[in-house]
2 protein chains.
Amino acid sequence: MTASTTRRPGGRTARNTAAVFTATVDELADRGFDEISIESIAARAGVHKTTVYRRWGSKTELVRQALAATAQSMIEVPDTGTVGEDLRLLSRAVQATLGSPRGAATTRSVLAGAAASPEIRAMMARFWDTRLAAIAAIIDRAVARGELPAGTEPSGVMHAVAAPLYYRLLVTGEPLTPEDADESAAAALAAARAGVFSRA
Amino acid sequence: MTASTTRRPGGRTARNTAAVFTATVDELADRGFDEISIESIAARAGVHKTTVYRRWGSKTELVRQALAATAQSMIEVPDTGTVGEDLRLLSRAVQATLGSPRGAATTRSVLAGAAASPEIRAMMARFWDTRLAAIAAIIDRAVARGELPAGTEPSGVMHAVAAPLYYRLLVTGEPLTPEDADESAAAALAAARAGVFSRA
């Protein structure tokens, strides 16, 4: 079915997939994993529930695929020519997501689910792997250009960019501004330049 | 009553206060703000509930004071002579708290409560103010010694130390090691040295 979706990007299957994934993330944000069902997602997407059952089989598999697709679509990996600007744009993208009501609600809902369920924890681990694999290119290019020390760990830099933004959302509860995004990118860059994330 | 506690540090009032605060944080960690009561806290502390009512009046006030006392007692502000070592020890203390089962449970419980209740959000804001005021001395001394740029914001540095540790606990779910604590302190220091947190 995935192959068929790929072959007909503008077709009904692709439109249904997009609608179902959007409804899945919306349901997750509004009500949390435990409260939602294939039926409630199908109703929200305006798709018959048997279509959803046939295609994804279970709520867990549907949520897993919806989150994976979201992780992919959220990553427009910047390639501006300097690592500082690449990290700043990436940080702005994280801030735009976490700073929006829907992004904040989805994040809280998924994290609450992850705390309670090994299945969601496994989904989230995959979500992070997907994001990190795409984003690692930024660091690899920076090392190749001589902007960062050899052996700089992409995951160390990326978590340093994201952590202060999640911290504001989840711990201090302060609003997330573009300036916060720029500051966390600048802090991560300074630490990376100083070799803090270098394992070489 | 607070004055009386101070005057008789080894007396029955002080012992009751310590027992009630410990029971409050334990109840909060095990069951969450909504589920606990003055009665359940008093029972856990082995103190009569009328003693607790007379002294603190309400569950909200009791939780507020217990968290404030915890915030105070958690801060042994390091003063080793170098900002790098001060920040490392501080980061190790945060890691020891968040990395322990009780500390992790209390943190999750309080944050869940804060997301749901303006009263707990106000308590947490006070908690952070108390911690930051005590810890700011580390940065003020570092600026006076010329280790950090003039105008370095203590709160910027402190949040940079803490954010990666909370992020591991709350977002990625990875275990928290002493090495993580040292890395977050080193990253915060490199960023502070580079002037990222300087408003001068």
# chains A, B, ... in the order shown; residues from 1 in each chain; ligands from 1
>>> select_by_dssp(residues="stretch 91-193 of chain B", states="alpha helix (DSSP H)", output="number ranges by chain")
B: 91-99, 101-116, 118-144, 154-167, 178-193
>>> interface_residues(of="chain B", to="chain A", cutoff="6 Å", atoms="only C-alpha atoms", output="list in words")
Ala163, Pro164, Tyr167, Ala187, Ala190 and Ala191 of chain B
>>> write_last_selection(atoms="C-alpha atoms", output="compact mmCIF listing (two decimals), in the first residue's frame")
# COMPACT_ATOMS: atom_id res chain seq x y z
CA ALA B 163 17.89 21.87 30.39
CA PRO B 164 19.77 18.89 28.88
CA TYR B 167 15.34 16.85 28.44
CA ALA B 187 28.44 23.13 27.28
CA ALA B 190 31.54 27.27 26.77
CA ALA B 191 28.41 29.17 25.72
>>> closest_residue(among="B:Val143, B:Ala66, B:Val25, B:Ile138", to="B:Pro78", atoms="only C-alpha atoms")
B:Ile138
>>> atom_distance(atom1="atom CA of B:Ser198", atom2="atom CA of B:Glu153")
5.9 Å
>>> residues_around(residues="B:Ile36", least_positions_apart="2", cutoff="12 Å", atoms="only C-alpha atoms", output="PyMOL selection string")
chain B and resi 23-34+38-44+58-60+62-63+109+113
>>> write_last_selection(atoms="C-alpha atoms", output="PDB file, in the first residue's frame")
ATOM      1  CA  ALA B  23       5.490  13.107  53.565  1.00  0.00           C
ATOM      2  CA  THR B  24       4.129  15.887  51.332  1.00  0.00           C
ATOM      3  CA  VAL B  25       6.824  15.420  48.700  1.00  0.00           C
ATOM      4  CA  ASP B  26       6.500  11.631  48.902  1.00  0.00           C
ATOM      5  CA  GLU B  27       2.728  11.807  48.487  1.00  0.00           C
ATOM      6  CA  LEU B  28       3.152  14.198  45.585  1.00  0.00           C
ATOM      7  CA  ALA B  29       5.630  11.851  43.931  1.00  0.00           C
ATOM      8  CA  ASP B  30       3.521   8.727  44.469  1.00  0.00           C
ATOM      9  CA  ARG B  31       0.031  10.018  43.760  1.00  0.00           C
ATOM     10  CA  GLY B  32       0.071  13.551  42.312  1.00  0.00           C
ATOM     11  CA  PHE B  33      -1.440  16.789  43.613  1.00  0.00           C
ATOM     12  CA  ASP B  34      -5.061  16.031  42.771  1.00  0.00           C
ATOM     13  CA  ILE B  38      -4.056  16.947  54.293  1.00  0.00           C
ATOM     14  CA  GLU B  39      -5.407  13.691  55.765  1.00  0.00           C
ATOM     15  CA  SER B  40      -3.240  11.432  53.581  1.00  0.00           C
ATOM     16  CA  ILE B  41      -0.150  13.557  54.228  1.00  0.00           C
ATOM     17  CA  ALA B  42      -0.738  13.635  57.985  1.00  0.00           C
ATOM     18  CA  ALA B  43      -1.221   9.862  58.070  1.00  0.00           C
ATOM     19  CA  ARG B  44       1.992   9.307  56.131  1.00  0.00           C
ATOM     20  CA  SER B  58      -4.706  24.152  53.162  1.00  0.00           C
ATOM     21  CA  LYS B  59      -3.156  21.490  50.980  1.00  0.00           C
ATOM     22  CA  THR B  60      -2.049  24.154  48.498  1.00  0.00           C
ATOM     23  CA  LEU B  62       1.403  23.013  52.574  1.00  0.00           C
ATOM     24  CA  VAL B  63       2.621  21.856  49.150  1.00  0.00           C
ATOM     25  CA  SER B 109       4.257  14.728  39.382  1.00  0.00           C
ATOM     26  CA  GLY B 113       0.338  19.321  38.300  1.00  0.00           C
TER      27      GLY B 113
END
>>> residues_around(residues="B:Asn16", least_positions_apart="3", cutoff="8 Å", atoms="only C-alpha atoms", output="PDB file with C-alpha atoms, in the first residue's frame")
ATOM      1  CA  ARG B  12       9.089  18.634  68.354  1.00  0.00           C
ATOM      2  CA  THR B  13       7.796  21.345  66.025  1.00  0.00           C
ATOM      3  CA  ALA B  19       8.218  14.768  58.745  1.00  0.00           C
ATOM      4  CA  VAL B  20       5.250  16.578  57.202  1.00  0.00           C
ATOM      5  CA  ALA B  45       3.902  11.675  58.437  1.00  0.00           C
ATOM      6  CA  VAL B  47       1.078  13.419  62.726  1.00  0.00           C
TER       7      VAL B  47
END
>>> residues_around(residues="A:Arg199", least_positions_apart="6", cutoff="9 Å", atoms="only C-alpha atoms", output="JSON, numbers by chain")
{"A": [150, 151, 152, 153]}
>>> residues_around(residues="B:Glu61", least_positions_apart="2", cutoff="12 Å", atoms="only C-alpha atoms", output="compact mmCIF listing (two decimals) with all heavy atoms, in the first residue's frame")
# COMPACT_ATOMS: atom_id res chain seq x y z
N PHE B 21 6.83 17.74 55.70
CA PHE B 21 7.35 18.13 54.39
C PHE B 21 7.79 16.90 53.59
O PHE B 21 7.52 16.79 52.39
CB PHE B 21 8.51 19.12 54.54
CG PHE B 21 8.07 20.54 54.85
CD1 PHE B 21 9.02 21.54 55.07
CD2 PHE B 21 6.73 20.90 54.93
CE1 PHE B 21 8.63 22.85 55.36
CE2 PHE B 21 6.33 22.20 55.22
CZ PHE B 21 7.29 23.17 55.43
N THR B 24 4.79 15.14 52.41
CA THR B 24 4.13 15.89 51.33
C THR B 24 4.79 15.60 49.99
O THR B 24 4.11 15.30 48.99
CB THR B 24 4.19 17.40 51.63
OG1 THR B 24 3.60 17.66 52.90
CG2 THR B 24 3.46 18.19 50.56
N SER B 37 -4.26 14.65 50.04
CA SER B 37 -5.04 15.51 50.94
C SER B 37 -4.24 15.74 52.21
O SER B 37 -3.25 15.04 52.47
CB SER B 37 -6.35 14.82 51.29
OG SER B 37 -6.08 13.62 51.98
N ILE B 38 -4.66 16.72 52.98
CA ILE B 38 -4.06 16.95 54.29
C ILE B 38 -4.12 15.65 55.11
O ILE B 38 -3.17 15.28 55.79
CB ILE B 38 -4.81 18.09 55.03
CG1 ILE B 38 -4.60 19.42 54.29
CG2 ILE B 38 -4.41 18.13 56.51
CD1 ILE B 38 -3.81 20.46 55.04
N VAL B 52 -1.76 19.50 61.31
CA VAL B 52 -1.40 19.97 59.97
C VAL B 52 -2.34 21.08 59.52
O VAL B 52 -1.90 22.12 59.01
CB VAL B 52 -1.40 18.79 58.96
CG1 VAL B 52 -1.03 19.27 57.57
CG2 VAL B 52 -0.45 17.69 59.43
N TYR B 53 -3.65 20.89 59.76
CA TYR B 53 -4.61 21.94 59.40
C TYR B 53 -4.29 23.25 60.11
O TYR B 53 -4.29 24.32 59.51
CB TYR B 53 -6.04 21.51 59.75
CG TYR B 53 -6.74 20.74 58.66
CD1 TYR B 53 -7.08 19.40 58.83
CD2 TYR B 53 -7.05 21.35 57.44
CE1 TYR B 53 -7.71 18.69 57.83
CE2 TYR B 53 -7.68 20.64 56.43
CZ TYR B 53 -8.01 19.31 56.63
OH TYR B 53 -8.63 18.60 55.63
N ARG B 54 -4.02 23.16 61.44
CA ARG B 54 -3.78 24.37 62.22
C ARG B 54 -2.55 25.10 61.69
O ARG B 54 -2.52 26.32 61.61
CB ARG B 54 -3.58 23.98 63.69
CG ARG B 54 -4.10 25.03 64.65
CD ARG B 54 -4.20 24.52 66.08
NE ARG B 54 -3.24 23.49 66.38
CZ ARG B 54 -3.54 22.35 67.05
NH1 ARG B 54 -4.75 22.11 67.45
NH2 ARG B 54 -2.62 21.46 67.30
N ARG B 55 -1.54 24.35 61.33
CA ARG B 55 -0.26 24.95 60.97
C ARG B 55 -0.27 25.51 59.54
O ARG B 55 0.26 26.58 59.27
CB ARG B 55 0.84 23.88 61.11
CG ARG B 55 2.21 24.31 60.65
CD ARG B 55 3.00 24.97 61.76
NE ARG B 55 4.30 25.38 61.27
CZ ARG B 55 5.37 24.62 61.30
NH1 ARG B 55 5.34 23.41 61.84
NH2 ARG B 55 6.51 25.08 60.81
N TRP B 56 -0.83 24.74 58.58
CA TRP B 56 -0.71 25.15 57.17
C TRP B 56 -2.04 25.56 56.53
O TRP B 56 -2.03 26.17 55.47
CB TRP B 56 -0.03 24.05 56.35
CG TRP B 56 1.43 23.95 56.64
CD1 TRP B 56 2.41 24.77 56.16
CD2 TRP B 56 2.09 23.02 57.49
NE1 TRP B 56 3.65 24.40 56.65
CE2 TRP B 56 3.47 23.31 57.49
CE3 TRP B 56 1.65 21.95 58.29
CZ2 TRP B 56 4.41 22.59 58.21
CZ3 TRP B 56 2.58 21.23 59.01
CH2 TRP B 56 3.94 21.55 58.98
N GLY B 57 -3.14 25.18 57.11
CA GLY B 57 -4.44 25.66 56.64
C GLY B 57 -5.00 24.95 55.44
O GLY B 57 -6.17 24.58 55.43
N SER B 58 -4.19 24.78 54.38
CA SER B 58 -4.71 24.15 53.16
C SER B 58 -3.63 23.29 52.52
O SER B 58 -2.43 23.48 52.75
CB SER B 58 -5.15 25.23 52.16
OG SER B 58 -4.02 25.87 51.60
N LYS B 59 -4.08 22.36 51.71
CA LYS B 59 -3.16 21.49 50.98
C LYS B 59 -2.24 22.32 50.08
O LYS B 59 -1.03 22.08 50.01
CB LYS B 59 -3.96 20.50 50.13
CG LYS B 59 -3.12 19.61 49.25
CD LYS B 59 -3.96 18.56 48.53
CE LYS B 59 -4.62 19.11 47.29
NZ LYS B 59 -5.22 18.06 46.43
N VAL B 63 1.79 22.29 50.27
CA VAL B 63 2.62 21.86 49.15
C VAL B 63 3.59 22.98 48.76
O VAL B 63 4.77 22.75 48.51
CB VAL B 63 1.74 21.43 47.95
CG1 VAL B 63 2.59 21.25 46.70
CG2 VAL B 63 0.99 20.15 48.27
N ARG B 64 3.06 24.21 48.78
CA ARG B 64 3.92 25.35 48.43
C ARG B 64 5.12 25.44 49.38
O ARG B 64 6.26 25.56 48.94
CB ARG B 64 3.10 26.65 48.49
CG ARG B 64 3.72 27.83 47.76
CD ARG B 64 2.99 29.13 48.01
NE ARG B 64 3.03 29.55 49.40
CZ ARG B 64 4.12 29.94 50.04
NH1 ARG B 64 5.27 29.94 49.42
NH2 ARG B 64 4.07 30.28 51.30
N GLN B 65 4.85 25.33 50.68
CA GLN B 65 5.95 25.46 51.65
C GLN B 65 6.89 24.25 51.59
O GLN B 65 8.10 24.40 51.76
CB GLN B 65 5.39 25.64 53.06
CG GLN B 65 4.74 27.01 53.26
CD GLN B 65 4.63 27.38 54.74
OE1 GLN B 65 5.37 26.89 55.57
NE2 GLN B 65 3.70 28.27 55.05
N ALA B 66 6.34 23.07 51.37
CA ALA B 66 7.20 21.88 51.28
C ALA B 66 8.13 21.98 50.08
O ALA B 66 9.32 21.65 50.16
CB ALA B 66 6.34 20.62 51.19
N LEU B 67 7.60 22.47 48.95
CA LEU B 67 8.45 22.61 47.76
C LEU B 67 9.50 23.71 47.98
O LEU B 67 10.64 23.56 47.56
CB LEU B 67 7.61 22.93 46.53
CG LEU B 67 6.74 21.79 46.01
CD1 LEU B 67 5.93 22.25 44.81
CD2 LEU B 67 7.60 20.58 45.63
N ALA B 68 9.10 24.80 48.63
CA ALA B 68 10.05 25.89 48.88
C ALA B 68 11.19 25.39 49.78
O ALA B 68 12.37 25.68 49.53
CB ALA B 68 9.34 27.08 49.53
N GLU B 119 -2.37 27.30 40.35
CA GLU B 119 -1.78 27.36 41.69
C GLU B 119 -0.40 26.69 41.71
O GLU B 119 0.55 27.21 42.29
CB GLU B 119 -2.69 26.68 42.72
CG GLU B 119 -3.75 27.61 43.26
CD GLU B 119 -4.76 26.87 44.13
OE1 GLU B 119 -4.84 25.63 44.05
OE2 GLU B 119 -5.47 27.54 44.89
N ILE B 120 -0.32 25.51 41.11
CA ILE B 120 0.98 24.81 41.11
C ILE B 120 1.95 25.54 40.20
O ILE B 120 3.15 25.59 40.48
CB ILE B 120 0.82 23.35 40.68
CG1 ILE B 120 -0.26 22.69 41.54
CG2 ILE B 120 2.15 22.62 40.82
CD1 ILE B 120 0.00 21.26 41.88
N ALA B 122 2.18 28.75 39.88
CA ALA B 122 2.69 29.85 40.71
C ALA B 122 3.71 29.33 41.73
O ALA B 122 4.75 29.95 41.96
CB ALA B 122 1.54 30.56 41.41
N MET B 123 3.39 28.15 42.32
CA MET B 123 4.35 27.54 43.26
C MET B 123 5.68 27.26 42.58
O MET B 123 6.75 27.48 43.14
CB MET B 123 3.82 26.17 43.73
CG MET B 123 2.79 26.23 44.81
SD MET B 123 2.32 24.51 45.17
CE MET B 123 0.59 24.76 45.50
>>> atom_distance(atom1="atom CA of B:Met158", atom2="atom CA of A:Asp180")
14.5 Å
>>> atom_distance(atom1="atom CA of A:Ala96", atom2="atom CA of A:Ala69")
17.9 Å
